[in-house]
Amino acid sequence: MVTENFLNLPQTTTAEAAVEPARDATPESVIDVRELQAYYGENRALKDISLSLYSRRVSAIIGPSGCGKSTLVRCLNRMHEMSSGGHVKGEVLYQGENIYGAGVDPVELRSRIGMVFQKPNPFPKSIFENVAFGLKVNGISGNTSERVERSLRRAALWDEVKDRLKQSALQLSGGQQQRLCIARALAVEPEVILMDEPCSALDPMATLAVEELIRELSQEVTIIIVTHNMQQAARVSHHTAFLMMDQDKAGYLVEYGPTSEVFTNPKSEHTEAYITGRFS
Amino acid sequence: MVRTDFDRHLRMLQSDLLILGSMVEKAIAKSLDALKRRDAEGARQVIREDDFIDSKRYNLEEQCIELIATQQPMAGDLRSIITMLHIAVELERMGDYAEGIAKICLMMEGEPPLKPLIDLPRMSEMVTDMLRRSLDSLVHRDTVAALAVCNDDDDVDALYDQVYRELIFFMVQDTNSIQRATYLLWVAHDLERIADRATNIAERVIFMVTGKMTEINVSRY
């Protein structure tokens, strides 16, 4: 039987279809934030945040400057408490367990919930050592070369660097450096990767490469991305959370839902004003 | 923050759409007038002027595509542009029905009148009223008014039924009337389709305002 393909487009493969989860599929939550309040000393930066972040999905956190997007994402792997005066109230459940509970090792937690930052921050070491570093820190032994290659492949960087693994990572372009940082985060096989404006220092082509990578990785890893670029949130994420700063300067969750709905028919007029660029 | 330039473009788009609506409304009225008065020159004018309607529709489509490409509209803005894009297509098709009626008028040139035309002009008034109100509902973002337009489609369908039965009666009574009655049946069908398109516009307005895509009134034809 001949399958007609009038537009002469390549047929969608099963693997491609898997990147787009079924619209009616109920995703499983991996992180549940419950009435979270985050503080810097006396100042409350976030209030009453409750939301569930879904497994193997990309969730975007958007909102105007100062609304606490980065603070929220840093609360999800206890990076916030490393800031001066940083502390929280409320709960962040990771696979049902409160990450702020007694006996939780933050270092071990961060190996399961990795992070990629705004500016690419490779170490002044070789490409290979950058990726292998996380393995050493986390005491992961075994075939390091194999894991480094696997991580670089997953970060869509292998073909570009396989012949120069011993070269300094600082010789890579900005976009390559950011993908190297993603490879470094992937090396310890995290289940969640937090990305805090990972493309803000990148040019448009490097940005698109990272976005492609995010969608690809979301088949295996849960990704939570903070971005001030709404088009990026619309392009890469499955769910979007919109945060705003209240009169008391604390950020709160205005709306959270499937990206397709938030960007076409948001429930809140604040969200509508923000995403249509009429925010005051 | 305001988006002065973008907002100006959105207003221009809507204003151009209303101009297209007005062109189509005139074309429908003129085509019926030509049919009623058996005015071949009037019918030819409707046919010629359909080119302007087509060109206005393409111009509107281009404006919509350019705004989507350059302004990355979201949420309500995106729904407005998509709605106007759809409405432009609906209006252009209504223009084609008017052109169709004008062509029938030319086909009937020289034939004796079958009967005085009463119900078809009435139907024409009903459908142009639906068209006008559907565009008003767009301007005022008024879902109640849009819903009323959808509901009025039943009245047009009922009148179409009546015209259909009457024309069949003519055909049965006098086989010499079959050709003329068939032509008039085509006119009635064109008008009925215009009402369906006005209903589509109203449904799009409801989508634009609420974000919900629903078929409000399924035409019987």
# chains A, B, ... in the order shown; residues from 1 in each chain; ligands from 1

call {"tool": "interface_residues", "arguments": {"of": "chain A", "to": "chain B", "cutoff": "8 Å", "atoms": "only C-alpha atoms", "output": "VMD selection string"}}
result
chain A and resid 231 262 to 266 272 275 to 280

call {"tool": "write_last_selection", "arguments": {"atoms": "C-alpha atoms", "output": "mmCIF file, in the first residue's frame"}}
result
data_model
loop_
_atom_site.group_PDB
_atom_site.id
_atom_site.type_symbol
_atom_site.label_atom_id
_atom_site.label_comp_id
_atom_site.auth_asym_id
_atom_site.auth_seq_id
_atom_site.Cartn_x
_atom_site.Cartn_y
_atom_site.Cartn_z
ATOM 1 C CA GLN A 231 8.580 32.883 23.301
ATOM 2 C CA VAL A 262 -1.441 29.735 29.257
ATOM 3 C CA PHE A 263 -0.266 31.244 25.969
ATOM 4 C CA THR A 264 -3.551 31.094 24.085
ATOM 5 C CA ASN A 265 -6.201 31.525 26.757
ATOM 6 C CA PRO A 266 -4.759 32.435 30.141
ATOM 7 C CA GLU A 272 -2.801 37.999 29.763
ATOM 8 C CA ILE A 275 2.346 37.666 27.919
ATOM 9 C CA THR A 276 0.804 40.140 25.499
ATOM 10 C CA GLY A 277 3.375 42.748 26.547
ATOM 11 C CA ARG A 278 0.904 45.104 28.212
ATOM 12 C CA PHE A 279 2.218 44.661 31.705
ATOM 13 C CA SER A 280 2.448 47.718 33.938
#

call {"tool": "residues_around", "arguments": {"residues": "Leu138 (chain B)", "least_positions_apart": "2", "cutoff": "9 Å", "atoms": "only C-alpha atoms", "output": "PyMOL selection string"}}
result
chain B and resi 14+133-136+140-143+146+201-202+204-206+208-209

call {"tool": "closest_residue", "arguments": {"among": "A:Gly63, A:Pro204, A:Pro122, A:Gly85", "to": "Tyr39 (chain A)", "atoms": "only C-alpha atoms"}}
result
A:Gly85

call {"tool": "atom_distance", "arguments": {"atom1": "CA of Leu46 (chain A)", "atom2": "CA of Ser70 (chain A)"}}
result
10.4 Å

call {"tool": "atom_distance", "arguments": {"atom1": "CA of Leu32 (chain B)", "atom2": "CA of Ala158 (chain B)"}}
result
19.4 Å

call {"tool": "residues_around", "arguments": {"residues": "Leu91 (chain B)", "least_positions_apart": "2", "cutoff": "12 Å", "atoms": "only C-alpha atoms", "output": "count of residues only"}}
result
47

call {"tool": "residues_around", "arguments": {"residues": "Pro190 (chain A)", "least_positions_apart": "2", "cutoff": "9 Å", "atoms": "only C-alpha atoms", "output": "list of chain:residue names"}}
result
A:Arg110, A:Ser111, A:Arg112, A:Ile113, A:Gly114, A:Ala185, A:Leu186, A:Ala187, A:Val188, A:Val192, A:Ile193, A:Val221, A:Thr222

call {"tool": "closest_residue", "arguments": {"among": "A:Leu53, A:Leu152, A:Leu36, A:Val107", "to": "Ala241 (chain A)", "atoms": "only C-alpha atoms"}}
result
A:Leu53

call {"tool": "closest_residue", "arguments": {"among": "A:Ala45, A:Ile99, A:Val226, A:Ala234", "to": "Phe117 (chain A)", "atoms": "only C-alpha atoms"}}
result
A:Val226

call {"tool": "atom_distance", "arguments": {"atom1": "CA of Glu261 (chain A)", "atom2": "CA of His238 (chain A)"}}
result
10.0 Å

call {"tool": "select_by_dssp", "arguments": {"residues": "region 72-214 of chain B", "states": "alpha helix (DSSP H)", "output": "mmCIF file with C-alpha atoms, in the first residue's frame"}}
result
data_model
loop_
_atom_site.group_PDB
_atom_site.id
_atom_site.type_symbol
_atom_site.label_atom_id
_atom_site.label_comp_id
_atom_site.auth_asym_id
_atom_site.auth_seq_id
_atom_site.Cartn_x
_atom_site.Cartn_y
_atom_site.Cartn_z
ATOM 1 C CA ALA B 75 -3.276 34.950 24.194
ATOM 2 C CA GLY B 76 -6.051 37.473 23.394
ATOM 3 C CA ASP B 77 -3.963 39.179 20.697
ATOM 4 C CA LEU B 78 -3.282 35.859 18.999
ATOM 5 C CA ARG B 79 -6.945 34.862 19.163
ATOM 6 C CA SER B 80 -7.963 38.235 17.684
ATOM 7 C CA ILE B 81 -5.620 37.894 14.730
ATOM 8 C CA ILE B 82 -6.559 34.272 14.051
ATOM 9 C CA THR B 83 -10.246 35.216 14.319
ATOM 10 C CA MET B 84 -9.854 38.064 11.855
ATOM 11 C CA LEU B 85 -7.950 35.794 9.493
ATOM 12 C CA HIS B 86 -10.873 33.337 9.552
ATOM 13 C CA ILE B 87 -13.472 36.070 9.202
ATOM 14 C CA ALA B 88 -11.698 37.496 6.150
ATOM 15 C CA VAL B 89 -12.020 34.079 4.490
ATOM 16 C CA GLU B 90 -15.701 33.778 5.487
ATOM 17 C CA LEU B 91 -16.453 37.230 4.097
ATOM 18 C CA GLU B 92 -14.712 36.521 0.832
ATOM 19 C CA ARG B 93 -16.782 33.349 0.405
ATOM 20 C CA MET B 94 -19.947 35.358 1.083
ATOM 21 C CA GLY B 95 -18.816 37.674 -1.709
ATOM 22 C CA ASP B 96 -18.562 34.619 -3.960
ATOM 23 C CA TYR B 97 -22.193 33.723 -3.159
ATOM 24 C CA ALA B 98 -23.239 37.256 -4.125
ATOM 25 C CA GLU B 99 -21.285 36.836 -7.348
ATOM 26 C CA GLY B 100 -23.058 33.495 -7.867
ATOM 27 C CA ILE B 101 -26.446 35.193 -7.508
ATOM 28 C CA ALA B 102 -25.355 37.841 -10.028
ATOM 29 C CA LYS B 103 -24.361 35.101 -12.478
ATOM 30 C CA ILE B 104 -27.775 33.429 -12.063
ATOM 31 C CA CYS B 105 -29.306 36.823 -12.773
ATOM 32 C CA LEU B 106 -27.456 36.861 -16.123
ATOM 33 C CA MET B 107 -28.527 33.286 -16.863
ATOM 34 C CA ASP B 119 -39.287 35.808 0.006
ATOM 35 C CA LEU B 120 -35.816 35.941 -1.581
ATOM 36 C CA PRO B 121 -35.389 39.702 -0.905
ATOM 37 C CA ARG B 122 -36.660 39.018 2.640
ATOM 38 C CA MET B 123 -34.125 36.247 3.022
ATOM 39 C CA SER B 124 -31.448 38.583 1.695
ATOM 40 C CA GLU B 125 -32.354 41.195 4.310
ATOM 41 C CA MET B 126 -32.208 38.560 7.031
ATOM 42 C CA VAL B 127 -28.763 37.327 6.029
ATOM 43 C CA THR B 128 -27.269 40.802 5.586
ATOM 44 C CA ASP B 129 -28.654 41.690 9.014
ATOM 45 C CA MET B 130 -26.948 38.580 10.435
ATOM 46 C CA LEU B 131 -23.713 39.601 8.700
ATOM 47 C CA ARG B 132 -23.903 43.138 10.062
ATOM 48 C CA ARG B 133 -24.647 41.954 13.601
ATOM 49 C CA SER B 134 -21.891 39.330 13.510
ATOM 50 C CA LEU B 135 -19.375 42.077 12.701
ATOM 51 C CA ASP B 136 -20.873 44.358 15.368
ATOM 52 C CA SER B 137 -20.366 41.545 17.870
ATOM 53 C CA LEU B 138 -16.709 41.465 16.797
ATOM 54 C CA VAL B 139 -16.295 45.209 17.320
ATOM 55 C CA THR B 143 -20.692 37.089 22.951
ATOM 56 C CA VAL B 144 -24.413 37.508 23.695
ATOM 57 C CA ALA B 145 -24.928 39.338 20.404
ATOM 58 C CA ALA B 146 -22.799 36.710 18.628
ATOM 59 C CA LEU B 147 -24.911 33.907 20.083
ATOM 60 C CA ALA B 148 -28.088 35.647 18.908
ATOM 61 C CA VAL B 149 -26.700 35.666 15.356
ATOM 62 C CA CYS B 150 -26.060 31.914 15.561
ATOM 63 C CA ASN B 151 -29.612 31.317 16.743
ATOM 64 C CA ASP B 152 -31.086 33.389 13.896
ATOM 65 C CA ASP B 153 -29.761 30.855 11.416
ATOM 66 C CA ASP B 154 -32.830 28.705 12.212
ATOM 67 C CA ASP B 155 -35.140 31.446 10.875
ATOM 68 C CA VAL B 156 -33.190 31.568 7.620
ATOM 69 C CA ASP B 157 -33.328 27.791 7.355
ATOM 70 C CA ALA B 158 -37.110 27.920 7.881
ATOM 71 C CA LEU B 159 -37.527 30.512 5.162
ATOM 72 C CA TYR B 160 -35.318 28.464 2.861
ATOM 73 C CA ASP B 161 -37.620 25.478 3.494
ATOM 74 C CA GLN B 162 -40.616 27.558 2.569
ATOM 75 C CA VAL B 163 -39.003 28.906 -0.627
ATOM 76 C CA TYR B 164 -37.897 25.397 -1.542
ATOM 77 C CA ARG B 165 -41.422 23.980 -1.162
ATOM 78 C CA GLU B 166 -42.925 26.824 -3.135
ATOM 79 C CA LEU B 167 -40.444 26.419 -6.000
ATOM 80 C CA ILE B 168 -40.983 22.659 -6.130
ATOM 81 C CA PHE B 169 -44.700 23.379 -6.323
ATOM 82 C CA PHE B 170 -44.071 25.606 -9.371
ATOM 83 C CA MET B 171 -42.019 22.879 -11.021
ATOM 84 C CA VAL B 172 -44.701 20.276 -10.421
ATOM 85 C CA GLN B 173 -47.433 22.567 -11.702
ATOM 86 C CA ILE B 178 -38.323 24.007 -13.992
ATOM 87 C CA GLN B 179 -35.302 25.917 -15.263
ATOM 88 C CA ARG B 180 -36.328 29.264 -13.770
ATOM 89 C CA ALA B 181 -37.413 27.671 -10.495
ATOM 90 C CA THR B 182 -34.095 25.820 -10.285
ATOM 91 C CA TYR B 183 -32.197 29.087 -10.783
ATOM 92 C CA LEU B 184 -34.179 30.691 -7.961
ATOM 93 C CA LEU B 185 -33.551 27.657 -5.781
ATOM 94 C CA TRP B 186 -29.820 28.217 -6.318
ATOM 95 C CA VAL B 187 -30.249 31.823 -5.228
ATOM 96 C CA ALA B 188 -32.068 30.693 -2.078
ATOM 97 C CA HIS B 189 -29.302 28.190 -1.402
ATOM 98 C CA ASP B 190 -26.618 30.874 -1.827
ATOM 99 C CA LEU B 191 -28.453 33.068 0.683
ATOM 100 C CA GLU B 192 -28.799 30.187 3.096
ATOM 101 C CA ARG B 193 -25.042 29.590 2.860
ATOM 102 C CA ILE B 194 -24.371 33.273 3.557
ATOM 103 C CA ALA B 195 -26.320 32.881 6.795
ATOM 104 C CA ASP B 196 -24.156 29.855 7.682
ATOM 105 C CA ARG B 197 -21.023 31.949 7.076
ATOM 106 C CA ALA B 198 -22.403 34.731 9.301
ATOM 107 C CA THR B 199 -22.919 32.056 11.964
ATOM 108 C CA ASN B 200 -19.297 30.972 11.508
ATOM 109 C CA ILE B 201 -18.183 34.580 12.058
ATOM 110 C CA ALA B 202 -20.236 34.777 15.246
ATOM 111 C CA GLU B 203 -18.728 31.479 16.468
ATOM 112 C CA ARG B 204 -15.253 32.889 15.825
ATOM 113 C CA VAL B 205 -16.115 35.992 17.847
ATOM 114 C CA ILE B 206 -17.135 33.742 20.744
ATOM 115 C CA PHE B 207 -13.787 31.948 20.400
ATOM 116 C CA MET B 208 -11.917 35.241 20.306
ATOM 117 C CA VAL B 209 -13.548 36.435 23.530
ATOM 118 C CA THR B 210 -13.704 33.173 25.485
#

call {"tool": "closest_residue", "arguments": {"among": "A:Ile224, A:Leu253, A:Leu194, A:Leu213", "to": "Arg57 (chain A)", "atoms": "only C-alpha atoms"}}
result
A:Ile224

call {"tool": "select_by_dssp", "arguments": {"residues": "region 115-257 of chain A", "states": "strand (DSSP E or B)", "output": "number ranges by chain"}}
result
A: 115-116, 126, 168, 192-196, 222-226, 239-245, 251-257

call {"tool": "closest_residue", "arguments": {"among": "A:Ser83, A:Arg147, A:Leu208, A:Lys249", "to": "Asn43 (chain A)", "atoms": "only C-alpha atoms"}}
result
A:Lys249

call {"tool": "residues_around", "arguments": {"residues": "Tyr252 (chain A)", "least_positions_apart": "3", "cutoff": "7 Å", "atoms": "only C-alpha atoms", "output": "PDB file with N, CA and C atoms, in the first residue's frame"}}
result
ATOM      1  N   LEU A  46       9.278  35.038  48.394  1.00  0.00           N
ATOM      2  CA  LEU A  46       8.230  34.209  47.774  1.00  0.00           C
ATOM      3  C   LEU A  46       7.175  33.904  48.821  1.00  0.00           C
ATOM      4  N   LYS A  47       5.915  33.889  48.410  1.00  0.00           N
ATOM      5  CA  LYS A  47       4.887  33.518  49.395  1.00  0.00           C
ATOM      6  C   LYS A  47       3.862  32.560  48.806  1.00  0.00           C
ATOM      7  N   ASP A  48       3.489  31.625  49.660  1.00  0.00           N
ATOM      8  CA  ASP A  48       2.372  30.706  49.382  1.00  0.00           C
ATOM      9  C   ASP A  48       2.441  30.036  48.009  1.00  0.00           C
ATOM     10  N   ILE A  49       3.623  29.566  47.657  1.00  0.00           N
ATOM     11  CA  ILE A  49       3.739  28.899  46.357  1.00  0.00           C
ATOM     12  C   ILE A  49       3.379  27.417  46.524  1.00  0.00           C
ATOM     13  N   LEU A 243       4.663  33.935  37.640  1.00  0.00           N
ATOM     14  CA  LEU A 243       4.829  34.537  38.962  1.00  0.00           C
ATOM     15  C   LEU A 243       4.787  36.058  38.840  1.00  0.00           C
ATOM     16  N   MET A 244       4.311  36.707  39.884  1.00  0.00           N
ATOM     17  CA  MET A 244       4.316  38.173  39.918  1.00  0.00           C
ATOM     18  C   MET A 244       4.753  38.622  41.303  1.00  0.00           C
ATOM     19  N   MET A 245       5.183  39.876  41.376  1.00  0.00           N
ATOM     20  CA  MET A 245       5.559  40.409  42.683  1.00  0.00           C
ATOM     21  C   MET A 245       4.346  41.135  43.262  1.00  0.00           C
ATOM     22  N   ASP A 246       4.031  40.825  44.517  1.00  0.00           N
ATOM     23  CA  ASP A 246       2.898  41.477  45.158  1.00  0.00           C
ATOM     24  C   ASP A 246       3.343  42.825  45.735  1.00  0.00           C
TER      25      ASP A 246
END

call {"tool": "residues_around", "arguments": {"residues": "Asn229 (chain A)", "least_positions_apart": "2", "cutoff": "12 Å", "atoms": "only C-alpha atoms", "output": "list in words"}}
result
Ala60, Ile61, Ile62, Gly63, Pro64, Ser65, Asp196, Glu197, Pro198, Cys199, Ser200, Pro204, Thr207, Glu211, Ile225, Val226, Thr227, Gln231, Gln232, Ala233, Ala234, Arg235, Val236, Ser237, Tyr274, Ile275 and Gly277 of chain A; Gln72 of chain B

call {"tool": "closest_residue", "arguments": {"among": "B:Lys36, B:Pro112, B:Asn59, B:Asp51", "to": "Asn176 (chain B)", "atoms": "only C-alpha atoms"}}
result
B:Pro112
